[in-house]
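Undergrad: Right, I'll just put the structure down here and ask away after.
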Amino acid sequence: MPRSWRTRPLPRTEWTGRSLSVQLTTAFLGAVIVISGLLTAVFYVFSVRAHMAQANERVLQQLTSIDQNIRQQFHEALPRELRVLAASPVLDEYIMSSRLEKPILSKSVERLFLQALTYSRSDEQIAFVNVLGQEEIKVDRLGRRHAYEDLRETPLFRAVAEIPPFALCAQGPIQKPDGAVSYTIAIPKIDGDIGKFGGAVVVRYSLSDFFEALDRKRMYGENSIWVLGPEGQVLKQPANRSATFDPRPYLRGPFHEKPLVAPVPAGLLAYQDWMLAPRSQPLRVAISVPADLVLHDVWETLKFFLLVFLIAIIGTFLAARSLARYLSRPIVKLARAASRLARGEFSSTVQVEATGEVQLLVETFNRMVEELRKTTSAVHERAAELARSNAELEQFAYVASHDLQEPLRVVGSFAQLLAKRYRGQFGKDGDEFIAFIVDGVARMQQLIDDLLVYSRVGTRAKPLQPTQTSAVLEQAIANLQVAIDETGTVVTHDALPAVLADGSQLVQVFQNLLSNAIKFHGTEPPRVQVSAAREDHAWVFGVRDNGIGIDPQQFERIFAIFQRLHTSAEYPGTGIGLAVCKKIVERHGGRIWVSSQPGTGATFFFTVPDELVR
Amino acid sequence: MRHRLMVIGGLAPILALAWVSMGSADPSKVRILVVSSYHREYSWSQDTNAGLCDAMLKVGYFDSRDQAAEYTKHDAVESSRAIVKKLWMDTKRKSSKSDMADAAARITEQAKAFHPDLILLGDDNAANYIGNQFLDTAIPIVFWGVNNTPVKYGLVDDPDKPGHNVTGVYQSGYYKESLDLLKVLAPGAKTFAILSDDTETGRSHLKAIEALSREGVLPLQLVDAVATNDFTLWQQRALELQDKVDAFYIAQYAALKDAEGRYVPAEAVARWYLTHLRIPEATDMVQFVKQGILCGADDSGYNQGYEAVMIAHDIVANGAKPSTYPTRAPKRGHLMVNRERAQMLGITLTDQMGIEEYLDHAQVLEDSAPAAH
């Protein structure tokens with residue numbers, strides 16, 4: 001059984017990426033949120049457009065209604081009333097009367113004016129101004145007035161003296177301290193005697209009725225109508241300020257005879273300017289409806305939508321979680337089973353209720369586990385057999401080599417005794433034969449020693465522990481010091497790391513490789529450089545020499561036991577050193593190889609896993 | 001026999017008038033009723049009558065000068081083409097409201113009895129009081145002598161398009177031209193005052209001049225104005241103003257009354273004026289210049305009467321409609337100067353003054369003229 005199979009811990013299985021539950025939840029929630037968002041956005045956009053368009057239409061209708069009011073009240077009724085007054089024969093008679101008659105006729109004119117006040121709520125005061133601009137007759141709602149004013153220098157009088165008969169001119173708006181707003185409107189009176197301007201009827205006309213009519217206009221249940229003077233002064237504003245916004249910051253344009261509707265940041269603003277009376281300064285009527293009021297229904301609907309969407313999101317979250325659990329449960333069980341399988345546990349299969357593809361996957365996995373269990377069991381049996389066989393073989397080799405040493409030592413001792421005591425007694429051939437025996441015994445002894453070393457790699461191995469390889473190398477050099485000195489070998493090395501190893505075996509590896517470098521030297525004194533480099537979770541050690549080099553075709557062969565590239569006469573040895581190195585390196589989980597060309601030296605590399613780091 | 005003939009001669013006009021009034025004449029003849037605001041002796045009335053008669057002769061409603069004279073004398077005549085009758089309101093001498101109402105009622109009754117085919121109304125009061133009685137009837141009405149504007153009394157909507165059954169001739173009042181002439185005669189004059197009676201005619205003249213003064217188109221500055229029917233007051237104010245102004249404008253003085261309320265003849269007023277006032281004066285009334293007022297641009301009464309008949313002829317003979325017949329004002333008459341008055345004032349008249357007509361004598365200074373009280 002390979003060592004790594006049982007003793008090495010499996011790398012821990014970690015989540016990479018998001019779980020199925022998270023993915024499903026994310027996907028479902030994302031879809032719901034995106035769809036909800038899109039629906040909300042589409043609803044919002046279309047609703048806002050529709051409501052704004054509707055609001056536009058409504059404010060235009062209001063402006064149209066106001067326009068009709070103004071036309072009826074100020075452009076039709078008021079001029080008609082003033083023209084009737086100005087055309088009154090009573091006034092004609094007054095103007096054309098003699099000075100003696102005037103005081104009498106003025107009473108008739110006063111009655112005429114008082115009667116007009118009775119019929120027109122908006123008339124506050126009516127006066128007749130003579131051709132010189134002096135008031136001659138004046139009445140108001142309290143009755144006749146005798147505090148006459150001289151209007152000759154006023155713009156109103158100058159204007160009314162120039163305009164055609166039955167035309168009107170006005171001064172205003174005039175705002176009193178109490179906020180009441182009025183216009184002073186004048187109509188010229190033609191003196192029938194001369195067919196020319198003979199004075200004017202001047203009416204102070206209150207806008208209170210007009211403002212009350214505006215106050216009664218509602219939009220979204222509120223009144224949002226402002227009336228501004230020509231200088232932007234507020235003449236009327238909505239009672240409920242929360243139902244409107246101040247339109248003045250947005251009203252910078254010139255006179256607008258036509259209605260103008262414009263969305264502004266604060267909401268919807270529509271306005272139109274009117275000349276209530278000819279030649280008067282324009283009034284601006286503005287309808288400023290806050291966006292909250294226009295879009296109130298939209299907000300309410302959006303709130304309902306958001307509630308529905310919130311419920312949908314929660315529901316989707318719960319559903320996604322449940323579905324993810326339902327779907328991932330067999331997969332998680334499969335994963336756990338696979339994890340157990342990775343740890344060599346083949347005992348249990350996955351038992352989950354699933355349908356469709358997942359069921360197929362579970363069944364396939366279970367079949368795979370069964371097959372793997374059978375295969376692994378067979379492999380285990382074979383591995384056990386092989387291990388047992390190897391152990392027996394190693395034991396046999398050890399025992400054989402150990403037990404062979406004693407008789408071989410006896411043979412060797414007696415052969416040397418024969419050679420020493422009976423030299424020359426058996427003739428020249430006898431001495432030569434005895435010398436052959438001694439030499440053969442010595443080589444056999446060497447073979448047995450080497451074989452013992454080879455077999456002890458497996459049988460006398462020590463546990464791996466942190467080992468400083470520089471000390472290991474020093475030990476190897478010390479063991480070879482005699483040969484090094486004899487051959488003048490120079491051994492150098494880089495900084496060497498600590499590794500997890502069997503120190504004595506690692507000394508054996510360095511010693512064998514240094515020994516080979518010294519043995520297979522060229523004409524130059526041997527130079528050996530030991531290096532170490534870290535690559536892919538392992539240390540790569542290199543032992544480079546300047547020896548005779550190796551034919552690349554022999555790279556595989558030299559690591560086999562008892563394989564030699566040279567005769568004993570050329571280079572002594574048993575051909576077991578590199579095999580020992582290979583066995584020790586593989587026991588440590590590494591590998592060994594060589595790089596060389598004949599005549600250029602050779603570099604042996606071996607790796608040791610960097611277990612210390614792990 | 002002589003007595004019989006005298007009786008017959010005296011009754012003839014009465015019978016003729018009665019016959020005309022009864023309407024028994026040939027229906028093919030045009031029946032024309034003429035109503036004057038004033039009285040026969042008033043010189044303006046005589047001027048307008050002269051123009052009327054000449055026009056009648058010209059268009060053939062009078063066959064001869066004798067018929068014209070008969071009409072002038074008896075206020076009625078029947079020619080080969082027309083039956084013409086004249087009525088007097090006499091509002092210069094009877095100018096109170098009640099007098100005018102009585103006159104209007106009387107004349108309206110007579111007019112209806114006459115069954116006129118056309119009515120000619122002379123001057124403002126006739127136009128106002130009689131015209132309005134027949135407004136919007138089938139009877140065409142032509143007025144003359146309406147002061148300053150035709151658009152008054154409700155008879156005409158628009159000068160160019162009257163709109164009713166009334167059209168006519170009005171007096172534009174050549175006030176500026178008269179004062180321009182005065183300025184030529186008396187270059188040193190800078191200020192003036194208006195003297196007028198307090199009648200509609202007088203007031204209309206006064207107000208028209210005031211309006212021109214406000215417009216700044218007059219050569220002299222208007223300082224004051226007198227408008228009263230009280231002759232005593234009128235005299236007093238005139239004498240006061242003589243020392244304050246350089247000239248007078250004589251608007252009207254035909255309706256002044258003395259302290260007892262009696263009518264003061266215009267000639268008497270004029271004689272008093274000429275004998276008591278020593279600053280130059282102007283008027284637009286030609287009869288006043290004839291009486292002795294220094295100068296004036298003739299707003300001719302003759303032309304008024306003449307033009308009115310020409311319009312009437314267009315309506316009667318040519319089918320013109322009053323509602324679409326534009327009103328008009330005759331062109332200015334001559335720039336007239338009274339030599340005697342000029343001499344009284346020490347004004348030397350020259351040809352370079354642009355005077356178009358001279359009147360050598362002041363009528364009111366002749367011996368036969370009535371005297372003011």
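Just so we're on the same page: first chain in the structure tokens is A, next is B, and so on; residues restart at 1 for each chain, and ligands are numbered from 1 in the order they show up.
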Return as a PDB file with C-alpha atoms, in the first residue's frame the full set of residues in range 213-416 of chain A whose backbone-based DSSP assignment is strand (DSSP E or B).

TA:
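Final output, selection-v5.pdb:
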```pdb
ATOM      1  CA  MET A 219     -57.594  71.242  -8.476  1.00  0.00           C
ATOM      2  CA  GLU A 222     -57.031  72.349  -3.381  1.00  0.00           C
ATOM      3  CA  ILE A 225     -53.895  79.946  -7.707  1.00  0.00           C
ATOM      4  CA  TRP A 226     -51.686  82.974  -7.254  1.00  0.00           C
ATOM      5  CA  VAL A 227     -52.226  86.416  -8.629  1.00  0.00           C
ATOM      6  CA  LEU A 228     -49.160  88.538  -9.086  1.00  0.00           C
ATOM      7  CA  VAL A 234     -48.364  88.953  -4.530  1.00  0.00           C
ATOM      8  CA  LEU A 235     -51.935  90.168  -4.855  1.00  0.00           C
ATOM      9  CA  LYS A 236     -53.538  86.879  -3.954  1.00  0.00           C
ATOM     10  CA  LEU A 260     -47.737  78.643 -20.487  1.00  0.00           C
ATOM     11  CA  VAL A 261     -47.360  75.360 -18.688  1.00  0.00           C
ATOM     12  CA  ALA A 262     -43.978  74.200 -17.534  1.00  0.00           C
ATOM     13  CA  PRO A 263     -42.824  71.492 -15.158  1.00  0.00           C
ATOM     14  CA  VAL A 264     -40.440  72.916 -12.603  1.00  0.00           C
ATOM     15  CA  GLY A 267     -44.022  70.676  -9.386  1.00  0.00           C
ATOM     16  CA  LEU A 268     -46.193  71.972 -12.158  1.00  0.00           C
ATOM     17  CA  LEU A 269     -46.439  75.653 -12.941  1.00  0.00           C
ATOM     18  CA  ALA A 270     -48.849  77.289 -15.338  1.00  0.00           C
ATOM     19  CA  TYR A 271     -49.377  80.932 -15.804  1.00  0.00           C
ATOM     20  CA  GLN A 272     -50.870  83.486 -18.076  1.00  0.00           C
ATOM     21  CA  ASP A 273     -50.905  87.241 -18.151  1.00  0.00           C
ATOM     22  CA  TRP A 274     -53.961  89.324 -18.657  1.00  0.00           C
ATOM     23  CA  LEU A 283     -51.815  90.732 -14.022  1.00  0.00           C
ATOM     24  CA  ARG A 284     -50.203  87.361 -13.879  1.00  0.00           C
ATOM     25  CA  VAL A 285     -52.264  84.415 -12.720  1.00  0.00           C
ATOM     26  CA  ALA A 286     -50.115  81.462 -11.777  1.00  0.00           C
ATOM     27  CA  ILE A 287     -51.202  77.999 -10.807  1.00  0.00           C
ATOM     28  CA  SER A 288     -48.449  76.237  -8.926  1.00  0.00           C
ATOM     29  CA  VAL A 289     -49.311  72.692  -8.051  1.00  0.00           C
ATOM     30  CA  PRO A 290     -46.702  70.829  -6.017  1.00  0.00           C
TER      31      PRO A 290
END
```

Undergrad: Chain B near chain A within 12 Å: what's each residue's closest atom pair and its distance in Å to one decimal, counting only C-alpha atoms, ordered by chain then ascending residue number, as a Markdown table?

TA:
```
| residue | atom | partner | partner_atom | distance |
| --- | --- | --- | --- | --- |
| B:Ser95 | CA | A:Ser98 | CA | 11.9 |
| B:Ser96 | CA | A:Glu101 | CA | 11.1 |
| B:Lys97 | CA | A:Glu101 | CA | 10.8 |
| B:Asp124 | CA | A:Asp193 | CA | 9.4 |
| B:Asn125 | CA | A:Asp193 | CA | 11.7 |
| B:Asn128 | CA | A:Gly192 | CA | 11.3 |
| B:Val146 | CA | A:Asp193 | CA | 9.0 |
| B:Asn147 | CA | A:Asp193 | CA | 6.8 |
| B:Asn148 | CA | A:Ile194 | CA | 4.8 |
| B:Thr149 | CA | A:Gly195 | CA | 5.1 |
| B:Pro150 | CA | A:Gly195 | CA | 7.8 |
| B:Val151 | CA | A:Gly195 | CA | 6.7 |
| B:Lys152 | CA | A:Gly192 | CA | 5.0 |
| B:Tyr153 | CA | A:Gly192 | CA | 7.4 |
| B:Gly154 | CA | A:Pro89 | CA | 9.2 |
| B:Leu155 | CA | A:Gly192 | CA | 11.5 |
| B:Val156 | CA | A:Gly192 | CA | 11.5 |
| B:Asp157 | CA | A:Gly195 | CA | 11.9 |
| B:Asp158 | CA | A:Gly195 | CA | 11.1 |
| B:Pro159 | CA | A:Gly195 | CA | 10.5 |
| B:Tyr170 | CA | A:Ile194 | CA | 10.9 |
| B:Gln171 | CA | A:Ile194 | CA | 10.0 |
| B:Ser172 | CA | A:Ile194 | CA | 8.9 |
| B:Gly173 | CA | A:Ile194 | CA | 9.5 |
| B:Ser196 | CA | A:Ser98 | CA | 11.5 |
| B:Asp197 | CA | A:Ser98 | CA | 9.7 |
| B:Asp198 | CA | A:Ser98 | CA | 6.0 |
| B:Thr199 | CA | A:Ser98 | CA | 7.2 |
| B:Glu200 | CA | A:Met96 | CA | 7.1 |
| B:Thr201 | CA | A:Asp193 | CA | 8.0 |
| B:Gly202 | CA | A:Asp193 | CA | 9.6 |
| B:Arg203 | CA | A:Ser98 | CA | 7.4 |
| B:Ser204 | CA | A:Asp193 | CA | 4.7 |
| B:His205 | CA | A:Ile194 | CA | 7.7 |
| B:Leu206 | CA | A:Ile194 | CA | 9.2 |
| B:Lys207 | CA | A:Ile194 | CA | 6.8 |
| B:Ala208 | CA | A:Ile194 | CA | 5.5 |
| B:Ile209 | CA | A:Ile194 | CA | 9.3 |
| B:Glu210 | CA | A:Val131 | CA | 9.7 |
| B:Ala211 | CA | A:Lys196 | CA | 7.7 |
| B:Leu212 | CA | A:Lys196 | CA | 10.0 |
| B:Ser213 | CA | A:Leu132 | CA | 11.9 |
| B:Arg214 | CA | A:Leu132 | CA | 9.1 |
| B:Glu215 | CA | A:Glu162 | CA | 11.2 |
| B:Val226 | CA | A:Arg99 | CA | 10.7 |
| B:Ala227 | CA | A:Ser98 | CA | 8.2 |
| B:Thr228 | CA | A:Ser98 | CA | 8.3 |
| B:Asn229 | CA | A:Ser98 | CA | 9.8 |
| B:Asp230 | CA | A:Leu100 | CA | 11.4 |
```

Undergrad: Please compute the CA of Leu294 in chain B-CA of Ala342 in chain B distance, one decimal, in Å.

TA: 6.1 Å

Undergrad: Would you please extract all alpha helix (DSSP H) residues from range 190-426 of chain A, as assigned by DSSP on the backbone, and give them as a PyMOL selection string?

TA: chain A and resi 208-215+291-294+296-342+356-421

Undergrad: At what distance in Å, to one decimal, does CA of Ala243 in chain A lie from CA of Ser224 in chain A?

TA: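 Between CA of Ser224 in chain A and CA of Ala243 in chain A the gap works out to 6.2 Å.
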
Undergrad: Within 12 Å of range 317-321 of chain B, counting only C-alpha atoms, which residues show up once you throw out same-chain ones fewer than 3 positions away? Write them as a ChimeraX atom specification, please.

TA: /B:29-30,59-61,81-82,117-118,138-142,161-168,309-314,324-327

Undergrad: Please report the interatomic distance between CA of Ile315 in chain B and CA of Val77 in chain B in Å with one decimal.

TA: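 Straight-line distance from CA of Ile315 in chain B to CA of Val77 in chain B works out to 20.6 Å.
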
Undergrad: Quick one: residues within 7 Å of Ala247 in chain B, only C-alpha atoms, excluding same-chain residues fewer than 6 positions away - as JSON, numbers by chain?

TA: {"B": [189, 191, 192, 193, 279, 280, 281]}

Undergrad: Quick one: residues within 8 Å of Ala308 in chain B, only C-alpha atoms, excluding same-chain residues fewer than 6 positions away - as a CSV table (one decimal) with N, CA and C atoms, in the first residue's frame?

TA:
```
chain,number,residue,atom,x,y,z
B,52,LEU,N,-81.3,127.9,-48.4
B,52,LEU,CA,-82.3,126.9,-48.7
B,52,LEU,C,-83.1,127.3,-49.9
B,120,LEU,N,-86.7,118.8,-42.9
B,120,LEU,CA,-85.4,119.6,-42.8
B,120,LEU,C,-85.4,120.3,-41.4
B,142,VAL,N,-83.1,115.6,-42.6
B,142,VAL,CA,-81.8,116.2,-42.9
B,142,VAL,C,-81.7,117.4,-42.0
B,143,PHE,N,-80.6,117.5,-41.3
B,143,PHE,CA,-80.4,118.7,-40.4
B,143,PHE,C,-79.4,119.6,-41.0
B,144,TRP,N,-79.4,120.8,-40.5
B,144,TRP,CA,-78.3,121.7,-40.8
B,144,TRP,C,-78.0,122.5,-39.5
B,168,GLY,N,-77.1,115.0,-42.5
B,168,GLY,CA,-77.2,116.4,-42.6
B,168,GLY,C,-75.9,117.1,-42.6
B,169,VAL,N,-76.0,118.4,-42.3
B,169,VAL,CA,-74.9,119.3,-42.4
B,169,VAL,C,-74.6,119.9,-41.0
```

Undergrad: Compile the contact shell of range 256-268 of chain B as a short mmCIF file (atom, residue, chain, number, x, y, z; two decimals) with C-alpha atoms, in the first residue's frame: residues with an atom at most 12 Å away, counting only C-alpha atoms, same-chain residues fewer than 2 positions apart removed.

TA:
```cif
data_model
loop_
_atom_site.label_atom_id
_atom_site.label_comp_id
_atom_site.auth_asym_id
_atom_site.auth_seq_id
_atom_site.Cartn_x
_atom_site.Cartn_y
_atom_site.Cartn_z
CA HIS B 39 -87.23 132.89 -35.29
CA GLU B 41 -85.95 137.85 -37.49
CA TYR B 42 -82.78 136.16 -36.40
CA SER B 43 -80.13 136.93 -38.99
CA TRP B 44 -78.71 133.41 -38.91
CA ASP B 90 -88.15 130.30 -31.47
CA THR B 91 -85.75 128.92 -28.86
CA LYS B 92 -83.54 131.96 -28.86
CA ARG B 93 -86.27 133.95 -27.26
CA LYS B 94 -87.98 131.09 -25.50
CA SER B 95 -85.06 129.10 -24.26
CA SER B 96 -86.31 127.56 -21.04
CA LEU B 195 -68.07 136.14 -24.53
CA SER B 196 -71.12 133.99 -24.94
CA ASP B 197 -74.66 133.57 -23.82
CA ASP B 198 -75.52 130.44 -21.90
CA THR B 199 -77.35 128.59 -24.62
CA GLY B 202 -73.16 129.38 -27.14
CA ALA B 227 -71.25 132.28 -20.50
CA THR B 228 -74.41 133.73 -19.10
CA ASN B 229 -77.84 134.76 -20.23
CA ASP B 230 -77.81 137.67 -17.83
CA PHE B 231 -77.09 140.68 -20.01
CA THR B 232 -76.12 142.80 -17.06
CA LEU B 233 -73.65 140.30 -15.87
CA TRP B 234 -72.46 139.80 -19.40
CA GLN B 235 -71.83 143.51 -19.73
CA ILE B 250 -67.76 136.59 -29.58
CA GLN B 252 -72.98 134.03 -29.09
CA TYR B 253 -75.13 136.79 -27.71
CA ALA B 254 -78.54 136.15 -29.16
CA ALA B 270 -74.00 144.23 -30.52
CA ARG B 271 -74.50 147.99 -30.42
CA TRP B 272 -73.75 148.10 -26.72
CA TYR B 273 -70.68 146.01 -27.31
CA LEU B 274 -69.38 148.16 -30.12
CA THR B 275 -69.92 151.32 -28.21
CA GLN B 287 -74.14 137.90 -39.11
CA PHE B 288 -72.18 139.20 -36.17
CA VAL B 289 -69.57 140.66 -38.50
CA LYS B 290 -72.36 142.25 -40.43
CA GLN B 291 -73.68 143.72 -37.21
CA GLY B 292 -70.27 145.24 -36.47
CA ILE B 293 -67.99 142.65 -34.93
CA ALA B 362 -71.72 148.11 -38.72
CA GLN B 363 -75.46 147.48 -39.11
CA VAL B 364 -76.20 147.94 -35.48
CA LEU B 365 -74.73 151.39 -35.41
CA GLU B 366 -77.19 152.64 -37.96
CA ASP B 367 -80.01 154.71 -36.67
CA SER B 368 -82.75 152.12 -37.18
CA ALA B 369 -81.09 149.46 -35.07
CA PRO B 370 -82.71 148.70 -31.71
CA ALA B 371 -80.93 149.87 -28.62
CA ALA B 372 -79.96 147.86 -25.61
CA HIS B 373 -81.36 148.71 -22.30
#
```

Undergrad: Pick from A:Phe74, A:Phe365, A:Phe510, A:Phe605: nearest to Lys333 in chain A, with only C-alpha atoms counted?

TA: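 The shortest atom-to-atom distance to Lys333 in chain A comes from A:Phe365.
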